[in-house]
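Below: entry18.txt (compact mmCIF, C-alpha atoms)
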# COMPACT_ATOMS: atom_id res chain seq x y z
CA MET A 1 62.36 67.22 -213.45
CA ILE A 2 60.48 67.16 -210.15
CA PHE A 3 56.69 66.93 -210.05
CA HIS A 4 55.36 68.11 -206.70
CA ILE A 5 52.04 66.26 -206.59
CA GLY A 6 50.57 67.27 -203.22
CA SER A 7 48.89 65.51 -201.64
CA PRO A 8 45.82 67.67 -200.86
CA LYS A 9 45.73 69.54 -197.52
CA THR A 10 49.48 69.30 -196.95
CA GLY A 11 50.41 72.96 -197.47
CA SER A 12 50.71 72.86 -201.26
CA SER A 13 49.30 76.39 -201.69
CA ALA A 14 51.86 77.89 -199.32
CA LEU A 15 54.66 75.90 -200.94
CA GLN A 16 53.62 77.08 -204.41
CA VAL A 17 53.68 80.72 -203.27
CA PHE A 18 57.09 80.18 -201.66
CA LEU A 19 58.51 78.67 -204.86
CA ALA A 20 56.95 81.33 -207.10
CA LYS A 21 58.20 84.24 -204.98
CA ASN A 22 61.68 82.69 -204.87
CA ARG A 23 61.94 81.82 -208.55
CA LYS A 24 64.82 84.23 -209.24
CA ASN A 25 66.66 83.14 -206.09
CA LEU A 26 66.19 79.50 -207.02
CA LEU A 27 67.54 80.08 -210.52
CA LYS A 28 70.83 81.14 -208.91
CA LYS A 29 70.92 77.62 -207.47
CA ASN A 30 70.21 76.05 -210.88
CA VAL A 31 66.63 75.27 -209.87
CA ASP A 32 63.78 76.45 -212.11
CA TYR A 33 60.21 76.68 -210.86
CA LEU A 34 58.96 76.74 -214.42
CA PRO A 35 57.19 80.00 -215.46
CA ILE A 36 53.95 78.38 -216.61
CA GLY A 37 50.43 77.85 -215.26
CA GLU A 38 49.30 80.16 -212.45
CA ILE A 39 52.78 81.23 -211.40
CA ARG A 40 51.80 84.93 -211.46
CA LEU A 41 49.19 84.38 -208.76
CA GLY A 42 51.81 82.64 -206.64
CA GLU A 43 54.27 85.50 -207.12
CA ALA A 44 51.57 87.86 -205.83
CA GLY A 45 51.13 85.69 -202.72
CA LYS A 46 47.66 84.53 -203.71
CA VAL A 47 46.07 81.08 -203.56
CA SER A 48 46.50 79.31 -206.87
CA SER A 49 46.75 75.84 -208.35
CA GLY A 50 50.49 76.18 -208.88
CA ASN A 51 52.54 76.44 -212.04
CA GLY A 52 51.26 73.03 -213.12
CA ALA A 53 47.61 74.13 -213.05
CA PHE A 54 46.86 73.69 -216.73
CA LEU A 55 49.35 70.90 -217.39
CA SER A 56 47.74 68.68 -214.76
CA ARG A 57 44.24 69.36 -216.06
CA SER A 58 45.47 68.31 -219.49
CA ILE A 59 46.33 64.80 -218.27
CA LEU A 60 43.36 64.09 -216.02
CA PRO A 61 41.17 61.12 -216.97
CA SER A 62 38.62 61.84 -219.67
CA GLY A 63 35.41 63.11 -218.11
CA ALA A 64 37.04 64.38 -214.89
CA THR A 65 35.41 67.58 -213.65
CA ALA A 66 38.55 69.70 -213.91
CA SER A 67 39.90 68.19 -217.14
CA ILE A 68 40.66 70.33 -220.19
CA HIS A 69 39.20 68.96 -223.42
CA ASP A 70 42.08 70.08 -225.64
CA GLY A 71 45.10 70.40 -223.38
CA GLU A 72 47.83 69.70 -225.91
CA ARG A 73 48.86 73.36 -225.98
CA TYR A 74 49.56 73.28 -222.22
CA ILE A 75 51.58 70.10 -222.59
CA GLN A 76 53.52 71.84 -225.35
CA GLU A 77 53.95 74.92 -223.14
CA PHE A 78 55.46 72.69 -220.47
CA PHE A 79 57.98 71.09 -222.82
CA GLU A 80 58.92 74.47 -224.30
CA ALA A 81 59.62 75.73 -220.78
CA VAL A 82 61.73 72.65 -220.07
CA GLU A 83 63.71 73.06 -223.28
CA GLY A 84 64.17 76.78 -222.65
CA SER A 85 65.54 76.32 -219.14
CA ASP A 86 69.26 76.13 -218.37
CA ALA A 87 68.71 74.90 -214.81
CA ASP A 88 69.78 71.49 -213.57
CA ILE A 89 66.45 70.93 -211.78
CA GLY A 90 62.98 71.89 -212.93
CA ILE A 91 59.96 71.95 -210.62
CA VAL A 92 56.26 71.79 -211.45
CA SER A 93 53.72 71.85 -208.63
CA ILE A 94 50.02 71.01 -208.60
CA GLU A 95 47.84 68.88 -206.35
CA LEU A 96 45.77 67.68 -209.29
CA PHE A 97 48.68 65.47 -210.38
CA PHE A 98 47.52 62.97 -207.77
CA GLY A 99 44.48 62.27 -209.95
CA ALA A 100 46.26 62.22 -213.30
CA ASP A 101 45.53 59.53 -215.86
CA ALA A 102 48.28 56.94 -215.40
CA GLU A 103 48.87 56.44 -219.13
CA ALA A 104 48.98 60.16 -219.87
CA PHE A 105 51.43 60.77 -217.02
CA SER A 106 53.59 57.88 -218.28
CA ASP A 107 53.65 59.44 -221.75
CA LEU A 108 54.80 62.72 -220.19
CA ASN A 109 57.57 60.94 -218.30
CA GLU A 110 58.66 59.00 -221.35
CA ARG A 111 59.03 62.20 -223.39
CA LEU A 112 61.22 63.62 -220.62
CA ARG A 113 63.39 60.50 -220.58
CA GLU A 114 63.83 60.79 -224.34
CA MET A 115 65.23 64.27 -223.63
CA ALA A 116 67.70 62.67 -221.16
CA ILE A 117 65.74 64.18 -218.25
CA THR A 118 64.86 62.04 -215.24
CA PRO A 119 61.31 62.61 -213.96
CA ARG A 120 60.87 62.42 -210.19
CA CYS A 121 57.87 62.98 -207.94
CA PHE A 122 57.69 64.55 -204.50
CA TYR A 123 54.78 64.67 -202.10
CA PHE A 124 53.75 64.90 -198.47
CA ILE A 125 51.42 62.56 -196.64
CA ARG A 126 49.43 63.52 -193.53
CA ASN A 127 47.39 61.70 -190.92
CA GLN A 128 44.21 60.68 -192.77
CA ILE A 129 41.95 62.03 -190.00
CA GLN A 130 43.43 65.49 -190.43
CA ILE A 131 43.28 65.27 -194.22
CA VAL A 132 39.55 64.55 -194.33
CA ALA A 133 38.78 67.05 -191.56
CA SER A 134 40.76 69.78 -193.30
CA GLY A 135 39.12 68.89 -196.62
CA TYR A 136 35.71 69.28 -195.02
CA MET A 137 36.69 72.69 -193.68
CA GLN A 138 37.73 73.71 -197.19
CA LEU A 139 34.23 72.93 -198.43
CA VAL A 140 32.68 75.03 -195.66
CA LYS A 141 35.17 77.84 -196.17
CA ARG A 142 35.14 78.19 -199.94
CA HIS A 143 32.22 76.19 -201.31
CA GLY A 144 29.25 77.02 -199.10
CA CYS A 145 28.89 73.57 -197.49
CA THR A 146 26.20 73.31 -194.79
CA GLU A 147 26.45 69.56 -194.13
CA GLN A 148 27.55 68.37 -190.69
CA PRO A 149 31.16 67.08 -190.60
CA ALA A 150 30.45 63.53 -189.41
CA ASP A 151 27.92 62.97 -192.21
CA TYR A 152 30.29 64.23 -194.90
CA VAL A 153 33.44 62.49 -193.65
CA ALA A 154 31.74 59.14 -193.03
CA ARG A 155 30.52 59.13 -196.62
CA GLU A 156 33.69 60.38 -198.27
CA TYR A 157 36.84 59.04 -196.60
CA LYS A 158 36.82 55.67 -198.39
CA ARG A 159 36.54 57.40 -201.77
CA ARG A 160 39.89 59.18 -201.47
CA LYS A 161 42.15 56.63 -203.14
CA PHE A 162 45.33 58.60 -202.47
CA LEU A 163 44.71 58.14 -198.72
CA ARG A 164 45.59 54.47 -199.18
CA TYR A 165 49.17 55.58 -198.86
CA HIS A 166 51.01 52.34 -199.59
CA SER A 167 48.95 51.54 -202.68
CA TYR A 168 49.43 55.11 -203.88
CA TYR A 169 53.18 54.88 -203.23
CA LEU A 170 53.46 51.69 -205.29
CA THR A 171 51.65 53.41 -208.16
CA GLN A 172 54.19 56.24 -208.12
CA CYS A 173 57.08 53.77 -207.90
CA GLU A 174 55.77 52.05 -211.01
CA ALA A 175 55.49 55.36 -212.88
CA PHE A 176 58.77 56.97 -211.78
CA GLY A 177 60.92 54.15 -210.39
CA ARG A 178 61.26 53.67 -206.63
CA GLN A 179 64.51 55.64 -206.47
CA ASN A 180 62.73 58.65 -208.01
CA VAL A 181 59.82 58.83 -205.54
CA ILE A 182 60.34 61.23 -202.63
CA CYS A 183 57.73 61.09 -199.86
CA ARG A 184 57.78 62.99 -196.57
CA ILE A 185 55.54 63.23 -193.49
CA TYR A 186 53.66 66.54 -193.22
CA GLU A 187 53.44 66.49 -189.41
CA THR A 188 57.21 66.01 -189.14
CA ALA A 189 57.85 68.82 -191.63
CA ILE A 190 55.83 71.51 -189.87
CA GLU A 191 57.67 70.90 -186.60
CA LYS A 192 60.82 72.32 -188.18
CA GLU A 193 61.73 76.01 -188.34
CA ASN A 194 60.11 77.39 -191.51
CA GLY A 195 58.81 73.83 -191.50
CA LEU A 196 57.25 72.98 -194.82
CA PHE A 197 59.69 75.06 -196.86
CA HIS A 198 62.85 73.76 -195.22
CA ALA A 199 61.57 70.18 -195.32
CA THR A 200 60.93 70.51 -199.05
CA LEU A 201 64.33 72.03 -199.75
CA GLU A 202 66.04 69.32 -197.72
CA ALA A 203 64.12 66.57 -199.53
CA LEU A 204 65.11 68.02 -202.91
CA SER A 205 68.75 68.68 -201.87
CA ILE A 206 68.40 72.46 -202.29
CA THR A 207 70.30 74.71 -199.88
CA PRO A 208 68.19 77.37 -198.09
CA GLU A 209 70.74 80.20 -198.17
CA GLY A 210 69.61 83.28 -200.10
CA LEU A 211 65.92 82.33 -200.17
CA ASP A 212 63.06 84.47 -198.85
CA PHE A 213 61.03 82.66 -196.19
CA ASP A 214 58.63 85.53 -195.55
CA THR A 215 55.57 83.71 -196.89
CA ARG A 216 52.47 83.89 -194.73
CA ASP A 217 50.02 81.06 -194.12
CA ILE A 218 48.06 80.37 -197.30
CA ASN A 219 44.61 78.77 -197.52
CA THR A 220 44.58 78.09 -193.77
CA SER A 221 41.82 76.07 -192.14
CA MET A 222 39.46 77.96 -189.84
CA SER A 223 39.00 77.39 -186.12
CA THR A 224 36.25 75.12 -184.83
CA GLN A 225 34.42 78.18 -183.47
CA ASP A 226 34.46 79.89 -186.87
CA LEU A 227 33.37 76.63 -188.48
CA CYS A 228 30.22 76.60 -186.31
CA ILE A 229 29.28 80.11 -187.43
CA MET A 230 30.12 79.58 -191.11
CA LEU A 231 27.92 76.48 -191.26
CA LEU A 232 24.99 78.71 -190.33
CA LEU A 233 25.97 81.66 -192.52
CA ASN A 234 26.50 79.46 -195.59
CA ARG A 235 22.71 79.18 -195.81
CA PHE A 236 22.81 82.76 -197.04
CA HIS A 237 25.40 81.95 -199.75
CA PRO A 238 28.18 84.42 -198.78
CA ARG A 239 30.81 85.37 -201.33
CA MET A 240 34.19 83.69 -201.11
CA LYS A 241 35.71 87.03 -200.09
CA PHE A 242 33.63 86.83 -196.91
CA SER A 243 35.24 83.56 -195.78
CA ASP A 244 38.67 84.87 -196.84
CA MET A 245 38.24 87.72 -194.37
CA VAL A 246 37.15 85.26 -191.69
CA ILE A 247 40.39 83.31 -192.16
CA GLU A 248 42.54 86.45 -192.24
CA ASN A 249 41.01 87.52 -188.93
CA ALA A 250 41.49 84.06 -187.40
CA VAL A 251 45.17 83.99 -188.39
CA GLN A 252 45.69 87.50 -186.99
CA PHE A 253 43.77 86.61 -183.82
CA GLY A 254 45.82 83.44 -183.40
CA SER A 255 42.90 81.01 -183.54
CA ALA A 256 43.94 79.42 -186.86
CA ALA A 257 47.27 78.32 -188.29
CA SER A 258 48.66 75.88 -190.82
CA GLY A 259 48.97 72.35 -189.50
CA GLN A 260 46.50 72.81 -186.65
CA ILE A 261 44.94 69.65 -185.21
CA HIS A 262 41.22 69.25 -185.91
CA ASN A 263 39.29 67.50 -183.16
CA PHE A 264 35.63 67.87 -184.11
CA LEU A 265 34.86 64.39 -185.44
CA PRO A 266 33.09 61.83 -183.18
CA ARG A 267 35.48 59.41 -181.47
CA SER A 268 33.70 56.40 -183.00
CA LEU A 269 34.26 57.78 -186.52
CA VAL A 270 37.89 58.63 -185.77
CA GLU A 271 38.53 55.05 -184.63
CA GLU A 272 36.72 53.68 -187.69
CA ILE A 273 38.97 55.68 -190.01
CA TYR A 274 42.13 54.67 -188.15
CA GLN A 275 41.18 51.00 -188.46
CA TYR A 276 40.30 51.33 -192.12
CA PHE A 277 43.77 52.66 -193.02
CA ALA A 278 45.75 50.65 -190.44
CA GLU A 279 47.11 48.00 -192.82
CA GLU A 280 48.00 50.50 -195.54
CA ASN A 281 49.80 52.70 -193.02
CA ALA A 282 51.73 49.79 -191.55
CA ARG A 283 52.96 48.74 -195.01
CA MET A 284 53.87 52.31 -195.92
CA ALA A 285 55.80 52.75 -192.68
CA LYS A 286 57.87 49.63 -193.35
CA ASP A 287 58.30 49.92 -197.12
CA CYS A 288 59.00 53.64 -197.47
CA PHE A 289 60.30 54.76 -194.08
CA ASP A 290 61.67 51.52 -192.57
CA ARG A 291 59.94 52.01 -189.24
CA ALA A 292 57.11 50.50 -187.24
CA GLU A 293 54.55 53.32 -187.35
CA LEU A 294 53.77 55.78 -190.13
CA PHE A 295 52.60 58.59 -187.88
CA ALA A 296 53.43 59.43 -184.28
CA PRO A 297 51.54 57.30 -181.73
CA ARG A 298 48.15 58.69 -180.89
CA ALA A 299 48.01 60.68 -177.69
CA SER A 300 45.11 60.16 -175.31
CA GLN A 301 42.04 61.49 -177.03
CA SER A 302 40.94 64.87 -175.74
CA GLU A 303 37.28 65.75 -175.53
CA GLN A 304 35.62 66.24 -178.91
CA GLU A 305 35.06 69.89 -179.86
CA GLN A 306 31.36 70.46 -180.43
CA ILE A 307 30.08 71.83 -183.74
CA SER A 308 27.14 73.68 -182.25
CA ILE A 309 26.18 77.33 -181.88
CA ASP A 310 25.43 76.55 -178.22
CA SER A 311 29.12 75.78 -177.66
CA LEU A 312 30.19 79.32 -178.60
CA SER A 313 31.06 81.98 -176.05
CA ILE A 314 30.39 85.71 -176.25
CA SER A 315 34.11 86.17 -176.91
CA ASP A 316 33.89 83.81 -179.92
CA MET A 317 31.00 85.83 -181.39
CA VAL A 318 32.70 89.18 -180.79
CA ALA A 319 35.96 87.95 -182.35
CA PHE A 320 34.10 86.67 -185.43
CA PHE A 321 31.69 89.51 -186.15
CA GLY A 322 33.83 92.27 -184.65
CA GLY A 323 36.71 91.24 -186.85
CA LEU A 324 34.47 91.34 -189.91
CA LEU A 325 33.19 94.83 -189.01
CA VAL A 326 36.76 96.07 -188.79
CA ARG A 327 37.58 94.51 -192.17
CA TYR A 328 34.54 96.13 -193.77
CA ASP A 329 35.43 99.47 -192.18
CA GLU A 330 38.88 99.21 -193.76
CA ARG A 331 37.31 98.45 -197.15
CA ILE A 332 34.93 101.41 -196.82
CA ALA A 333 37.86 103.69 -195.96
CA VAL A 334 39.66 102.56 -199.14
CA LEU A 335 36.53 103.23 -201.22
CA GLU A 336 36.12 106.67 -199.64
CA THR A 337 39.71 107.54 -200.48
CA ARG A 338 39.28 106.40 -204.08
CA LEU A 339 36.00 108.31 -204.46
CA GLY A 340 37.62 111.40 -202.99
CA LYS A 341 40.48 111.23 -205.50
CA LEU A 342 38.02 110.62 -208.35
CA SER A 343 35.88 113.57 -207.30
CA ALA A 344 38.93 115.82 -207.03
CA SER A 345 39.95 114.89 -210.57
CA LEU A 346 36.57 115.91 -212.04
CA PRO A 347 35.98 119.42 -213.45
CA GLN A 348 34.26 121.85 -211.02
CA LYS A 349 30.92 121.67 -212.83
CA GLN A 350 30.80 117.89 -212.76
CA ARG A 351 31.66 117.89 -209.05
CA LEU A 352 28.67 120.12 -208.34
CA VAL A 353 26.36 117.86 -210.35
CA SER A 354 27.70 114.79 -208.56
CA SER A 355 27.19 116.35 -205.12
CA ASP A 356 23.60 117.31 -206.04
Using C-alpha cells, write down the structure that the file contains.
Amino acid sequence: MIFHIGSPKTGSSALQVFLAKNRKNLLKKNVDYLPIGEIRLGEAGKVSSGNGAFLSRSILPSGATASIHDGERYIQEFFEAVEGSDADIGIVSIELFFGADAEAFSDLNERLREMAITPRCFYFIRNQIQIVASGYMQLVKRHGCTEQPADYVAREYKRRKFLRYHSYYLTQCEAFGRQNVICRIYETAIEKENGLFHATLEALSITPEGLDFDTRDINTSMSTQDLCIMLLLNRFHPRMKFSDMVIENAVQFGSAASGQIHNFLPRSLVEEIYQYFAEENARMAKDCFDRAELFAPRASQSEQEQISIDSLSISDMVAFFGGLLVRYDERIAVLETRLGKLSASLPQKQRLVSSD
C-alpha cells in the first residue's frame, strides 16, 4: 500500500487527477488507485483533495482545522476498499497526510501489516523558497489574501515543519521503515517529458505504457503580473470562480505553468530562508540522496519582480481584463442558449407571458 503524502505545492492535484483518470488502465497493471474519497472529482479533471481526502482528515491531530470528529467510517471505508481489491499495489493520495497524527498513522500502518500488506510512503520535496512562494499565491488565488508576500512569508516559513526535510524524512522512516520511504525532487521530476507523472511511475516501478497522459495543468500558480492585480481585486471579495478564470486565461496565454519559478520575494528574505534550511538540506542530501547538495546550485539572482500596480504594462492589463471579458462572454452565450431552449420548450401562451 502506497500513501502519496504530498508535500504541498508539488503537483499533487495534477497527480491525483492523472491517477483518477487512469484508474482502469492502472488496474490492468495490478495497481489500484482506491475508489474512495474525492476520486470522482479527479476523474472529472477537477481540483480535489485526492482519494484519501476523508481518510486523512480522520487521522489528523485532535483539534486540527480540517479534522473530522468521527472519522471511523472513513477508516473503515479505506480498509474495505483494500480488502476488496485484487491489485498487487494500492495507492491513496492526499497532501493532508503530511500533518497526520503520528500515533493514528502508526495504527493504520499496523493494521495493514496485520493483513500482510506493507505500507509505504511516497512524496516530492521542492526548493523551500518556491514552496512558500507558491503557497502564498494559493492564498491570493483561492482565499482572498490581500497581504504583501514578504510580510506573509517572513512570518510563516518557520512554521512549516515539513519544510525541515531531513527531520521530516526521519519521521517517515520511523513510521514506515527507511526501505519503505520513497522521496523524489520536484524540480528534477518536472524536467522530464510528462514530468511529474513519469517520475511518479518510475519511483513506484509502474510502466507507463497504456496510460493516458492528457492531463492539463491543475491548480496552477498565477503569474506575478496577475498576482499584482488580484491583490487589489481581493479587497472586493471575488468568488473563487473569478480567480479560476484568471488562471485558465494565464495558462492559455502562456504566462503561467506548473513548476514556474517565483521571483517576487526580496533578496534579503530569500537568503534568510536559504540559511535557515541549509543544515536540514545538507543532511537530507547526504542521507537520502547520497550527494552534496539537495537542490541544484543557485544561479545568479535575477532582479526581483515587483509586486506593484506601477510595474504593470498596458499589455498586462489588457491580457488580464480582456481575457476575463472573453470568458464572461462565453458564459453569457451558454446562458443564452439554455434560455433559448427553455423558452422553446414552453407552451405558446407561456412564451408570450414570458416575453411580456
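Across A:Gln148, A:Thr200, A:Asn22, A:Asn127, the tightest approach to Tyr165 of chain A is made by A:Asn127 when counting all atoms listed in the file.
Between Pro149 of chain A and the candidates A:Ser313, A:Thr10, A:Gln306, A:Ser93, the tightest atom-to-atom separation, counting all atoms listed in the file, involves A:Gln306.
Minimum atom-to-atom distance to Gly11 of chain A, evaluated using all atoms listed in the file, belongs to A:Val47 out of A:Val47, A:Leu232, A:Ile273, A:Ile206.
Pairwise distance (atom CA of Ser56 of chain A, atom CA of Phe98 of chain A) equals 9.0 Å.
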Practice prompt. Determine, counting all atoms listed in the file, which protein, DNA and RNA residues have an atom within 12 Å of an atom of Arg178 of chain A; residues of the same chain fewer than 3 positions away are not included. Present the result as a PyMOL selection string.
Written response: chain A and resi 119-122+169-175+181-183+287-288
Output file for the residues above (C-alpha atoms, as a JSON list (two decimals), in the coordinates of the input):
[["chain", "number", "residue", "atom", "x", "y", "z"],
["A", 119, "PRO", "CA", 61.31, 62.61, -213.96],
["A", 120, "ARG", "CA", 60.87, 62.42, -210.19],
["A", 121, "CYS", "CA", 57.87, 62.98, -207.94],
["A", 122, "PHE", "CA", 57.69, 64.55, -204.50],
["A", 169, "TYR", "CA", 53.18, 54.88, -203.23],
["A", 170, "LEU", "CA", 53.46, 51.69, -205.29],
["A", 171, "THR", "CA", 51.65, 53.41, -208.16],
["A", 172, "GLN", "CA", 54.19, 56.24, -208.12],
["A", 173, "CYS", "CA", 57.08, 53.77, -207.90],
["A", 174, "GLU", "CA", 55.77, 52.05, -211.01],
["A", 175, "ALA", "CA", 55.49, 55.36, -212.88],
["A", 181, "VAL", "CA", 59.82, 58.83, -205.54],
["A", 182, "ILE", "CA", 60.34, 61.23, -202.63],
["A", 183, "CYS", "CA", 57.73, 61.09, -199.86],
["A", 287, "ASP", "CA", 58.30, 49.92, -197.12],
["A", 288, "CYS", "CA", 59.00, 53.64, -197.47]]
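Going from atom CA of Asn51 of chain A over to atom CA of Arg142 of chain A, you cover 21.3 Å.
The nearest approach to Ala199 of chain A among the residues A:Leu112, A:Ala104, A:Asp86, A:Leu15, with only C-alpha atoms taken into account, belongs to A:Leu15.
Remark: for Phe78 of chain A, the closest of the candidate residues A:Thr224, A:Ser58, A:Gln16, A:Ser205 is A:Ser58 (distances computed over only C-alpha atoms).
Minimum atom-to-atom distance to Arg126 of chain A, evaluated using only C-alpha atoms, belongs to A:Glu187 out of A:Glu38, A:Glu187, A:Glu43, A:Glu147.
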Discussion item. Show me, as a list in words, the residues that have an atom within 12 Å of Asn234 of chain A when counting only C-alpha atoms, minus same-chain residues fewer than 4 positions from it.
Written reply: Leu139, Val140, Lys141, Arg142, His143, Gly144, Cys145, Thr146, Glu147, Asp226, Leu227, Cys228, Ile229, Met230, Pro238, Arg239, Met240, Phe242 and Ser243 of chain A
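Straight-line separation from atom CA of Ala100 of chain A to atom CA of Ile59 of chain A: 5.6 Å.
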Worksheet entry | Distance query segment 25-30 of chain A at most 12 Å, only C-alpha atoms, self and fewer than 5 positions along chain excluded, as a ChimeraX atom specification | /A:18-20,35,85-91,201,205-213
